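K.L.:
So here's upload29.txt (compact mmCIF, C-alpha atoms and all ligand atoms).
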```
# COMPACT_ATOMS: atom_id res chain seq x y z
CA MET A 21 -16.73 -6.35 -39.15
CA GLY A 22 -17.19 -3.77 -36.36
CA ARG A 23 -14.46 -1.59 -34.92
CA MET A 24 -14.50 -3.69 -31.70
CA SER A 25 -14.98 -7.16 -33.22
CA GLY A 26 -13.48 -9.90 -31.08
CA LYS A 27 -12.95 -7.58 -28.09
CA ILE A 28 -14.32 -7.95 -24.58
CA ALA A 29 -14.96 -4.75 -22.60
CA PHE A 30 -15.61 -4.15 -18.90
CA VAL A 31 -17.74 -1.10 -18.01
CA THR A 32 -18.42 0.11 -14.46
CA GLY A 33 -21.47 2.21 -13.59
CA ALA A 34 -23.15 0.50 -16.53
CA ALA A 35 -26.74 0.44 -15.26
CA ARG A 36 -27.71 3.77 -16.78
CA GLY A 37 -26.50 7.10 -18.12
CA GLN A 38 -23.08 7.25 -19.71
CA GLY A 39 -22.05 3.76 -18.58
CA ARG A 40 -24.96 2.18 -20.41
CA ALA A 41 -24.18 4.29 -23.49
CA HIS A 42 -20.53 3.10 -23.44
CA ALA A 43 -21.63 -0.54 -23.16
CA LEU A 44 -24.09 -0.22 -26.03
CA ARG A 45 -21.76 1.77 -28.30
CA LEU A 46 -18.92 -0.74 -27.84
CA ALA A 47 -21.35 -3.65 -28.35
CA ALA A 48 -22.74 -2.04 -31.51
CA GLU A 49 -19.18 -2.18 -32.87
CA GLY A 50 -18.83 -5.84 -31.99
CA ALA A 51 -17.56 -6.03 -28.38
CA ASP A 52 -18.87 -8.43 -25.77
CA ILE A 53 -19.62 -6.61 -22.53
CA ILE A 54 -19.05 -7.18 -18.83
CA ALA A 55 -21.28 -4.65 -17.06
CA THR A 56 -21.21 -3.85 -13.38
CA ASP A 57 -22.96 -1.34 -11.14
CA ILE A 58 -23.84 -0.96 -7.48
CA ALA A 59 -27.46 -0.96 -8.67
CA GLY A 60 -28.67 0.48 -5.40
CA PRO A 61 -28.66 3.58 -3.21
CA ILE A 62 -25.48 5.17 -1.86
CA ASP A 63 -25.22 7.04 1.45
CA THR A 64 -24.75 10.80 0.95
CA VAL A 65 -26.11 10.75 -2.64
CA ARG A 66 -29.35 12.72 -2.72
CA TYR A 67 -30.66 11.98 -6.24
CA PRO A 68 -32.44 8.76 -7.33
CA ALA A 69 -30.34 5.58 -7.52
CA ALA A 70 -30.09 3.06 -10.34
CA GLY A 71 -31.46 -0.41 -9.54
CA PRO A 72 -31.10 -4.04 -10.67
CA PRO A 73 -33.67 -3.59 -13.49
CA ASP A 74 -31.47 -0.83 -14.94
CA LEU A 75 -28.42 -3.11 -15.03
CA ALA A 76 -30.54 -5.90 -16.56
CA GLU A 77 -31.77 -3.45 -19.20
CA THR A 78 -28.16 -2.69 -20.22
CA VAL A 79 -27.49 -6.41 -20.69
CA ARG A 80 -30.71 -6.75 -22.69
CA GLY A 81 -29.52 -3.90 -24.92
CA VAL A 82 -26.16 -5.62 -25.49
CA GLU A 83 -27.89 -8.89 -26.35
CA ALA A 84 -30.25 -7.11 -28.73
CA LEU A 85 -27.11 -6.12 -30.64
CA ASP A 86 -26.20 -9.83 -30.89
CA ARG A 87 -23.31 -9.57 -28.46
CA ARG A 88 -22.72 -11.44 -25.24
CA GLY A 89 -23.48 -9.47 -22.08
CA VAL A 90 -22.60 -10.54 -18.53
CA SER A 91 -23.40 -8.44 -15.49
CA PHE A 92 -22.76 -8.50 -11.77
CA ALA A 93 -23.73 -6.08 -9.02
CA ALA A 94 -20.76 -4.66 -7.10
CA ASP A 95 -19.80 -1.49 -5.30
CA VAL A 96 -16.52 -0.15 -6.71
CA ARG A 97 -15.55 0.62 -3.09
CA ASP A 98 -15.50 -3.15 -2.43
CA LEU A 99 -12.28 -4.39 -4.05
CA ASP A 100 -12.95 -8.06 -3.23
CA ALA A 101 -16.47 -8.04 -4.72
CA LEU A 102 -15.27 -6.19 -7.80
CA THR A 103 -12.31 -8.54 -8.30
CA SER A 104 -14.26 -11.76 -7.82
CA GLY A 105 -17.15 -10.58 -10.02
CA LEU A 106 -14.75 -9.59 -12.79
CA ASP A 107 -12.69 -12.79 -12.48
CA LYS A 108 -15.85 -14.89 -12.95
CA ALA A 109 -17.09 -12.81 -15.89
CA VAL A 110 -13.70 -12.91 -17.63
CA ALA A 111 -13.58 -16.70 -17.18
CA GLU A 112 -17.04 -16.94 -18.74
CA LEU A 113 -16.33 -14.68 -21.74
CA GLY A 114 -12.72 -15.75 -22.30
CA GLY A 115 -10.58 -12.65 -21.68
CA LEU A 116 -10.49 -8.88 -21.35
CA ASP A 117 -9.32 -6.19 -23.81
CA VAL A 118 -10.92 -2.93 -22.70
CA VAL A 119 -11.77 -1.29 -19.37
CA VAL A 120 -14.03 1.73 -18.99
CA ALA A 121 -13.93 3.01 -15.38
CA ASN A 122 -17.06 5.12 -15.39
CA ALA A 123 -18.89 4.60 -12.07
CA GLY A 124 -19.19 7.83 -10.14
CA ILE A 125 -21.33 10.06 -7.95
CA LEU A 126 -21.97 13.68 -7.13
CA ASN A 127 -23.18 14.28 -3.60
CA ALA A 128 -23.01 17.56 -1.70
CA VAL A 129 -22.57 21.03 -3.16
CA ALA A 130 -20.80 23.37 -0.72
CA ARG A 131 -17.65 25.44 -0.41
CA SER A 132 -14.68 23.21 0.37
CA TRP A 133 -14.32 24.22 4.00
CA GLU A 134 -18.05 23.73 4.57
CA LEU A 135 -18.24 20.22 3.05
CA ASP A 136 -19.33 17.51 5.44
CA ALA A 137 -16.58 14.95 6.15
CA ALA A 138 -18.87 12.05 5.15
CA ASP A 139 -19.62 13.68 1.78
CA TRP A 140 -15.89 14.19 1.18
CA GLN A 141 -14.97 10.63 2.16
CA THR A 142 -17.69 8.92 0.13
CA MET A 143 -16.70 10.97 -2.90
CA ILE A 144 -13.03 10.04 -2.67
CA ASP A 145 -13.88 6.39 -1.93
CA ILE A 146 -16.05 6.05 -5.05
CA ASN A 147 -14.79 8.56 -7.63
CA LEU A 148 -11.07 8.05 -6.96
CA SER A 149 -10.40 4.85 -5.01
CA GLY A 150 -13.20 3.08 -6.93
CA VAL A 151 -11.42 3.87 -10.20
CA TRP A 152 -8.15 2.58 -8.81
CA HIS A 153 -9.95 -0.59 -7.62
CA THR A 154 -11.32 -1.04 -11.12
CA THR A 155 -7.86 -0.86 -12.66
CA LYS A 156 -6.37 -3.03 -9.91
CA ALA A 157 -8.96 -5.75 -10.61
CA ALA A 158 -8.75 -5.47 -14.40
CA VAL A 159 -5.11 -4.84 -15.34
CA PRO A 160 -3.90 -8.41 -14.58
CA HIS A 161 -6.51 -9.70 -17.06
CA LEU A 162 -5.36 -7.21 -19.72
CA ILE A 163 -1.73 -8.21 -19.22
CA ARG A 164 -2.63 -11.90 -19.50
CA ARG A 165 -4.49 -11.28 -22.75
CA GLY A 166 -1.91 -8.84 -24.22
CA PRO A 167 0.12 -7.38 -25.69
CA GLY A 168 -2.30 -4.51 -26.22
CA GLY A 169 -5.52 -3.38 -24.60
CA SER A 170 -7.10 -0.08 -23.67
CA VAL A 171 -8.05 1.49 -20.36
CA VAL A 172 -10.36 4.52 -20.41
CA LEU A 173 -10.87 6.39 -17.15
CA ILE A 174 -13.88 8.71 -17.03
CA SER A 175 -12.83 11.94 -15.39
CA SER A 176 -14.57 15.28 -16.07
CA ILE A 177 -13.80 18.86 -17.00
CA ALA A 178 -13.58 19.01 -13.20
CA GLY A 179 -10.46 16.86 -13.59
CA LEU A 180 -8.82 19.69 -15.54
CA ARG A 181 -10.32 22.85 -14.01
CA GLY A 182 -11.38 24.08 -10.61
CA VAL A 183 -15.17 24.25 -10.17
CA PRO A 184 -16.40 26.09 -7.05
CA GLY A 185 -18.73 24.14 -4.76
CA ILE A 186 -17.49 20.63 -5.57
CA ALA A 187 -13.91 20.50 -4.26
CA HIS A 188 -14.28 16.82 -3.36
CA TYR A 189 -15.45 15.94 -6.88
CA ASN A 190 -12.67 18.12 -8.35
CA ALA A 191 -10.02 16.49 -6.20
CA ALA A 192 -11.21 12.99 -7.09
CA LYS A 193 -11.41 13.74 -10.83
CA HIS A 194 -7.95 15.38 -10.88
CA GLY A 195 -6.76 12.22 -9.12
CA VAL A 196 -8.25 10.11 -11.92
CA THR A 197 -6.36 12.20 -14.49
CA GLY A 198 -3.11 11.53 -12.62
CA LEU A 199 -3.86 7.83 -12.26
CA ALA A 200 -4.35 7.55 -16.04
CA ARG A 201 -1.04 9.28 -16.74
CA THR A 202 0.85 7.02 -14.35
CA LEU A 203 -0.80 3.85 -15.65
CA ALA A 204 0.04 4.87 -19.23
CA ASN A 205 3.71 4.80 -18.25
CA GLU A 206 3.47 1.64 -16.17
CA LEU A 207 1.66 -0.33 -18.89
CA ALA A 208 3.64 0.94 -21.87
CA GLU A 209 5.77 -2.20 -21.98
CA GLN A 210 2.65 -4.35 -22.37
CA ARG A 211 1.39 -1.96 -25.06
CA ILE A 212 -1.72 -1.30 -22.97
CA ARG A 213 -2.91 2.26 -23.59
CA VAL A 214 -4.44 4.35 -20.82
CA ASN A 215 -6.30 7.61 -21.39
CA SER A 216 -8.83 9.75 -19.56
CA VAL A 217 -12.02 11.33 -20.93
CA HIS A 218 -13.28 14.67 -19.63
CA PRO A 219 -16.93 15.38 -20.35
CA THR A 220 -18.57 18.71 -19.69
CA ASN A 221 -22.21 18.58 -18.55
CA VAL A 222 -23.98 15.45 -19.74
CA ARG A 223 -27.72 15.34 -19.24
CA THR A 224 -27.99 12.32 -16.98
CA THR A 225 -29.60 11.84 -13.55
CA MET A 226 -26.33 13.00 -11.98
CA ILE A 227 -26.87 16.62 -13.01
CA ASP A 228 -30.56 16.68 -13.92
CA ASN A 229 -31.71 17.00 -10.31
CA PRO A 230 -32.22 19.87 -7.84
CA VAL A 231 -29.10 19.15 -5.73
CA SER A 232 -26.69 19.37 -8.64
CA ALA A 233 -28.46 22.41 -10.11
CA ARG A 234 -27.15 24.34 -7.09
CA ILE A 235 -23.60 24.16 -8.49
CA TYR A 236 -24.67 26.43 -11.34
CA ARG A 237 -27.33 28.49 -9.54
CA PRO A 238 -26.01 29.05 -6.01
CA ASP A 239 -28.07 32.27 -6.03
CA LEU A 240 -31.37 30.31 -5.95
CA PRO A 241 -32.56 28.39 -2.85
CA GLU A 242 -34.15 25.52 -4.81
CA PRO A 243 -33.04 25.68 -8.45
CA THR A 244 -34.31 23.24 -11.08
CA PHE A 245 -32.25 21.91 -13.97
CA ASP A 246 -34.01 24.36 -16.29
CA ASP A 247 -32.92 27.25 -14.03
CA ALA A 248 -29.34 26.10 -14.57
CA ILE A 249 -29.47 25.94 -18.38
CA PRO A 250 -28.31 29.51 -19.19
CA ALA A 251 -25.35 29.13 -16.79
CA LEU A 252 -24.52 25.72 -18.24
CA ALA A 253 -24.49 27.18 -21.77
CA ARG A 254 -22.25 30.11 -20.78
CA MET A 255 -19.49 27.64 -19.87
CA HIS A 256 -19.02 26.64 -23.50
CA ILE A 257 -17.70 28.06 -26.77
CA TRP A 258 -21.10 27.29 -28.29
CA ASP A 259 -24.32 28.41 -26.69
CA GLU A 260 -25.31 24.85 -25.75
CA PRO A 261 -25.75 23.61 -22.17
CA TYR A 262 -24.75 19.95 -22.34
CA VAL A 263 -23.66 17.04 -24.50
CA GLU A 264 -25.50 13.74 -24.89
CA VAL A 265 -24.29 10.39 -23.54
CA GLU A 266 -23.59 9.24 -27.11
CA ASP A 267 -21.07 12.06 -27.60
CA VAL A 268 -19.01 10.74 -24.71
CA ALA A 269 -19.51 7.13 -25.84
CA ASN A 270 -18.06 7.99 -29.26
CA ALA A 271 -14.90 9.34 -27.60
CA VAL A 272 -14.67 6.19 -25.45
CA LEU A 273 -15.09 4.02 -28.54
CA PHE A 274 -12.24 5.84 -30.31
CA LEU A 275 -9.89 5.40 -27.35
CA ALA A 276 -10.98 1.78 -26.80
CA GLY A 277 -10.29 0.69 -30.36
CA ASP A 278 -7.26 0.32 -32.59
CA GLU A 279 -7.84 3.62 -34.43
CA SER A 280 -6.14 5.26 -31.43
CA ARG A 281 -3.28 2.73 -31.29
CA TYR A 282 -0.59 5.41 -30.88
CA ILE A 283 -2.51 7.47 -28.32
CA THR A 284 -1.77 6.93 -24.66
CA GLY A 285 -1.62 9.17 -21.60
CA ILE A 286 -3.92 11.85 -23.03
CA ALA A 287 -6.75 13.68 -21.31
CA LEU A 288 -9.48 14.01 -23.97
CA PRO A 289 -12.13 16.68 -23.33
CA VAL A 290 -15.64 16.23 -24.71
CA ASP A 291 -16.58 19.68 -23.64
CA LEU A 292 -18.19 21.99 -26.23
CA GLY A 293 -14.91 23.94 -26.17
CA MET A 294 -15.14 24.64 -22.44
CA THR A 295 -11.46 24.15 -21.62
CA ALA A 296 -10.35 26.30 -24.57
CA LYS A 297 -12.88 29.10 -24.07
CA TYR A 298 -11.45 32.61 -23.91
CA THR A 299 -13.09 34.35 -20.98
CA GLY A 300 -11.14 37.64 -21.00
CA SER A 301 -12.75 40.87 -22.11
N1 LIG A 401 -23.32 13.90 -15.95
C1 LIG A 401 -22.34 14.78 -16.07
O1 LIG A 401 -22.56 15.99 -16.29
C2 LIG A 401 -20.90 14.33 -15.97
C3 LIG A 401 -19.90 15.19 -16.45
C4 LIG A 401 -18.57 14.78 -16.39
C5 LIG A 401 -18.25 13.52 -15.88
N2 LIG A 401 -19.25 12.71 -15.42
C6 LIG A 401 -18.86 11.38 -14.93
O2 LIG A 401 -19.42 10.40 -15.77
C7 LIG A 401 -19.58 9.16 -15.03
C8 LIG A 401 -20.98 8.61 -15.26
O3 LIG A 401 -21.95 9.49 -14.70
P1 LIG A 401 -23.42 9.68 -15.29
O4 LIG A 401 -23.53 11.08 -15.74
O5 LIG A 401 -23.74 8.59 -16.25
O6 LIG A 401 -24.28 9.54 -13.94
P2 LIG A 401 -25.41 8.48 -13.48
O7 LIG A 401 -25.71 8.80 -12.08
O8 LIG A 401 -26.52 8.45 -14.46
O9 LIG A 401 -24.67 7.06 -13.59
C9 LIG A 401 -23.66 6.67 -12.70
C10 LIG A 401 -23.74 5.16 -12.51
O10 LIG A 401 -22.66 4.78 -11.63
C11 LIG A 401 -23.19 3.90 -10.66
N3 LIG A 401 -22.39 3.98 -9.43
C12 LIG A 401 -22.28 5.04 -8.60
N4 LIG A 401 -21.54 4.72 -7.54
C13 LIG A 401 -21.17 3.43 -7.69
C14 LIG A 401 -20.40 2.54 -6.91
N5 LIG A 401 -19.90 2.90 -5.72
N6 LIG A 401 -20.17 1.30 -7.39
C15 LIG A 401 -20.69 0.91 -8.58
N7 LIG A 401 -21.48 1.70 -9.34
C16 LIG A 401 -21.70 2.96 -8.90
C17 LIG A 401 -24.61 4.37 -10.42
O11 LIG A 401 -25.41 3.37 -9.82
C18 LIG A 401 -25.04 4.75 -11.84
O12 LIG A 401 -25.63 3.65 -12.52
C19 LIG A 401 -19.25 9.51 -13.59
O13 LIG A 401 -17.94 9.11 -13.29
C20 LIG A 401 -19.37 11.02 -13.56
O14 LIG A 401 -18.61 11.60 -12.52
C21 LIG A 401 -20.54 13.09 -15.46
```
Starting from the file, lay out its structure as structure tokens.
P.N.:
Amino acid sequence: MGRMSGKIAFVTGAARGQGRAHALRLAAEGADIIATDIAGPIDTVRYPAAGPPDLAETVRGVEALDRRGVSFAADVRDLDALTSGLDKAVAELGGLDVVVANAGILNAVARSWELDAADWQTMIDINLSGVWHTTKAAVPHLIRRGPGGSVVLISSIAGLRGVPGIAHYNAAKHGVTGLARTLANELAEQRIRVNSVHPTNVRTTMIDNPVSARIYRPDLPEPTFDDAIPALARMHIWDEPYVEVEDVANAVLFLAGDESRYITGIALPVDLGMTAKYTGS
């Protein structure tokens, strides 16, 4: 018996990176998976996009673990597409117990007053409103299935701290933290738990690209990810620059399953000690 046996989990942004890791970790513990992703390019995002083969690969991985996997392509900005895709998938698999709102982007890096309005808007539309859309589409299914259930919203250390150069990302991720806290209160009666997860740097396409490297090396005109590594490591209590997708997936698994049955409304960092680091002299 796995820790997620008999559960059905919905993961957004599941085509690659952390979303795929969450889907596979939950499936390895017995969950059936509903995976969604835009699986295509996004205006304002300047690093390579995931595609339909990536989403199909996630489903293949779930099936290789002997679990059922259903996928549909949807943009989390499109509430109707997200809702109808999820409704169909839930009807096919028979219910919904867990939601992992993970889809997200990083676009421009600039001081807040120099950010382009389109970069700001796309960020808020995806990283904040997209998370709300995900909960709006999913919560009625959780309530129908309940009592019980778990919602995990993927925020960031940028949802707990200010990070210069990405005010739009910071604002969206702080918004996600607030959304989780409110939902935890609203869904207490149904015994549905809602928590947020706050990863530090995770080596995925989102940060392993020249645009994102500028957050950490604004002194260089065209920094590479390797240029950023010493600065990434200095953020943490340990001299290590990033965590792996599996480290975040393990935190998601804990919050998704019954081992955390009395935990709701928390903001769980997976951050190499970043938020606790003493930076005084
Ligand atoms: N990588 C990091 O250092 C880091 C750190 C903290 C938090 N996060 C957060 O973790 C989450 C996952 O990011 P990742 O590191 O795996 O990046 P990633 O770029 O590898 O994966 C993100 C996935 O989300 C999908 N996506 C993006 N916009 C979408 C939309 N509008 N609709 C549907 N799907 C969409 C992408 O297609 C992609 O498959 C994001 O919310 C991100 O903000 C990342």
K.L.:
So which one's closest to ligand LIG 401 (chain A), A:Pro243, A:Gly115, A:Gly277, A:Pro61? Using only C-alpha atoms and all ligand atoms, please.
P.N.:
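The shortest atom-to-atom distance to ligand LIG 401 (chain A) comes from A:Pro61.
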K.L.:
My list of candidates is A:Met143, A:Ile163, A:Val65, A:Ile186. Which is closest to Leu207 (chain A) when distances are computed with only C-alpha atoms?
P.N.:
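For Leu207 (chain A), the nearest of the candidates is A:Ile163.
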K.L.:
Taking all atoms of region 278-289 of chain A that appear in the file, build a box with edges along x, y and z, extend it by 6 Å on every side, and state its centre and edge lengths in Å to one decimal, as AutoDock Vina command-line options.
P.N.:
```
--center_x -6.4 --center_y 8.5 --center_z -27.9 --size_x 23.5 --size_y 28.4 --size_z 25.1
```
K.L.:
With the cut-off set at 6 Å and counting all atoms listed in the file, tabulate each residue of chain A with an atom at most that distance from an atom of ligand LIG 401 (chain A), showing the nearest atom pair and its distance in Å to one decimal, ordered by chain and increasing number, as JSON lines.
P.N.:
```
{"residue": "A:Gly33", "atom": "CA", "partner": "A:LIG401", "partner_atom": "O10", "distance": 3.4}
{"residue": "A:Ala34", "atom": "CA", "partner": "A:LIG401", "partner_atom": "O12", "distance": 5.7}
{"residue": "A:Ala35", "atom": "CA", "partner": "A:LIG401", "partner_atom": "O12", "distance": 4.4}
{"residue": "A:Arg36", "atom": "CA", "partner": "A:LIG401", "partner_atom": "O12", "distance": 4.7}
{"residue": "A:Gly37", "atom": "CA", "partner": "A:LIG401", "partner_atom": "O5", "distance": 3.7}
{"residue": "A:Gln38", "atom": "CA", "partner": "A:LIG401", "partner_atom": "O5", "distance": 3.8}
{"residue": "A:Gly39", "atom": "CA", "partner": "A:LIG401", "partner_atom": "O5", "distance": 5.6}
{"residue": "A:Asp57", "atom": "CA", "partner": "A:LIG401", "partner_atom": "N7", "distance": 3.8}
{"residue": "A:Ile58", "atom": "CA", "partner": "A:LIG401", "partner_atom": "C15", "distance": 3.8}
{"residue": "A:Ala59", "atom": "CA", "partner": "A:LIG401", "partner_atom": "O11", "distance": 4.9}
{"residue": "A:Ala69", "atom": "CA", "partner": "A:LIG401", "partner_atom": "O11", "distance": 5.9}
{"residue": "A:Ala70", "atom": "CA", "partner": "A:LIG401", "partner_atom": "O11", "distance": 4.7}
{"residue": "A:Ala94", "atom": "CA", "partner": "A:LIG401", "partner_atom": "C15", "distance": 5.8}
{"residue": "A:Asp95", "atom": "CA", "partner": "A:LIG401", "partner_atom": "N6", "distance": 3.5}
{"residue": "A:Val96", "atom": "CA", "partner": "A:LIG401", "partner_atom": "N6", "distance": 4.0}
{"residue": "A:Arg97", "atom": "CA", "partner": "A:LIG401", "partner_atom": "N5", "distance": 5.6}
{"residue": "A:Asn122", "atom": "CA", "partner": "A:LIG401", "partner_atom": "O13", "distance": 4.6}
{"residue": "A:Ala123", "atom": "CA", "partner": "A:LIG401", "partner_atom": "O10", "distance": 3.8}
{"residue": "A:Gly124", "atom": "CA", "partner": "A:LIG401", "partner_atom": "O13", "distance": 3.6}
{"residue": "A:Ile125", "atom": "CA", "partner": "A:LIG401", "partner_atom": "C12", "distance": 5.2}
{"residue": "A:Ile146", "atom": "CA", "partner": "A:LIG401", "partner_atom": "N5", "distance": 5.0}
{"residue": "A:Ile174", "atom": "CA", "partner": "A:LIG401", "partner_atom": "O13", "distance": 5.5}
{"residue": "A:Ser175", "atom": "CA", "partner": "A:LIG401", "partner_atom": "C5", "distance": 5.7}
{"residue": "A:Ser176", "atom": "CA", "partner": "A:LIG401", "partner_atom": "C4", "distance": 4.0}
{"residue": "A:Pro219", "atom": "CA", "partner": "A:LIG401", "partner_atom": "C4", "distance": 4.3}
{"residue": "A:Thr220", "atom": "CA", "partner": "A:LIG401", "partner_atom": "C3", "distance": 5.0}
{"residue": "A:Asn221", "atom": "CA", "partner": "A:LIG401", "partner_atom": "O1", "distance": 3.5}
{"residue": "A:Val222", "atom": "CA", "partner": "A:LIG401", "partner_atom": "O1", "distance": 3.8}
{"residue": "A:Arg223", "atom": "CA", "partner": "A:LIG401", "partner_atom": "N1", "distance": 5.7}
{"residue": "A:Thr224", "atom": "CA", "partner": "A:LIG401", "partner_atom": "O4", "distance": 4.8}
{"residue": "A:Thr225", "atom": "CA", "partner": "A:LIG401", "partner_atom": "O8", "distance": 4.7}
{"residue": "A:Met226", "atom": "CA", "partner": "A:LIG401", "partner_atom": "O7", "distance": 4.2}
{"residue": "A:Ile227", "atom": "CA", "partner": "A:LIG401", "partner_atom": "N1", "distance": 5.4}
```
K.L.:
Please, could you write that set of residues out with C-alpha atoms as a CSV table (one decimal), in the frame of the given file?
P.N.:
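Saved as again_35.csv:
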```csv
chain,number,residue,atom,x,y,z
A,33,GLY,CA,-21.5,2.2,-13.6
A,34,ALA,CA,-23.2,0.5,-16.5
A,35,ALA,CA,-26.7,0.4,-15.3
A,36,ARG,CA,-27.7,3.8,-16.8
A,37,GLY,CA,-26.5,7.1,-18.1
A,38,GLN,CA,-23.1,7.2,-19.7
A,39,GLY,CA,-22.0,3.8,-18.6
A,57,ASP,CA,-23.0,-1.3,-11.1
A,58,ILE,CA,-23.8,-1.0,-7.5
A,59,ALA,CA,-27.5,-1.0,-8.7
A,69,ALA,CA,-30.3,5.6,-7.5
A,70,ALA,CA,-30.1,3.1,-10.3
A,94,ALA,CA,-20.8,-4.7,-7.1
A,95,ASP,CA,-19.8,-1.5,-5.3
A,96,VAL,CA,-16.5,-0.2,-6.7
A,97,ARG,CA,-15.6,0.6,-3.1
A,122,ASN,CA,-17.1,5.1,-15.4
A,123,ALA,CA,-18.9,4.6,-12.1
A,124,GLY,CA,-19.2,7.8,-10.1
A,125,ILE,CA,-21.3,10.1,-8.0
A,146,ILE,CA,-16.0,6.0,-5.0
A,174,ILE,CA,-13.9,8.7,-17.0
A,175,SER,CA,-12.8,11.9,-15.4
A,176,SER,CA,-14.6,15.3,-16.1
A,219,PRO,CA,-16.9,15.4,-20.4
A,220,THR,CA,-18.6,18.7,-19.7
A,221,ASN,CA,-22.2,18.6,-18.6
A,222,VAL,CA,-24.0,15.4,-19.7
A,223,ARG,CA,-27.7,15.3,-19.2
A,224,THR,CA,-28.0,12.3,-17.0
A,225,THR,CA,-29.6,11.8,-13.6
A,226,MET,CA,-26.3,13.0,-12.0
A,227,ILE,CA,-26.9,16.6,-13.0
```
K.L.:
To one decimal place in Å, what is the distance between CA of Ala178 (chain A) and CA of Lys193 (chain A)?
P.N.:
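Separation of CA of Ala178 (chain A) and CA of Lys193 (chain A): 6.2 Å.
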K.L.:
What is the CA of Ile62 (chain A) to CA of Gly182 (chain A) distance in Å?
P.N.:
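Here the two named atoms are 25.2 Å from each other.
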K.L.:
Between A:Asn270, A:Thr299, A:Thr155, A:Asn229, which residue has the minimum interatomic distance to Leu46 (chain A), considering only C-alpha atoms?
P.N.:
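Of A:Asn270, A:Thr299, A:Thr155, A:Asn229, the one nearest Leu46 (chain A) is A:Asn270, counting only C-alpha atoms.
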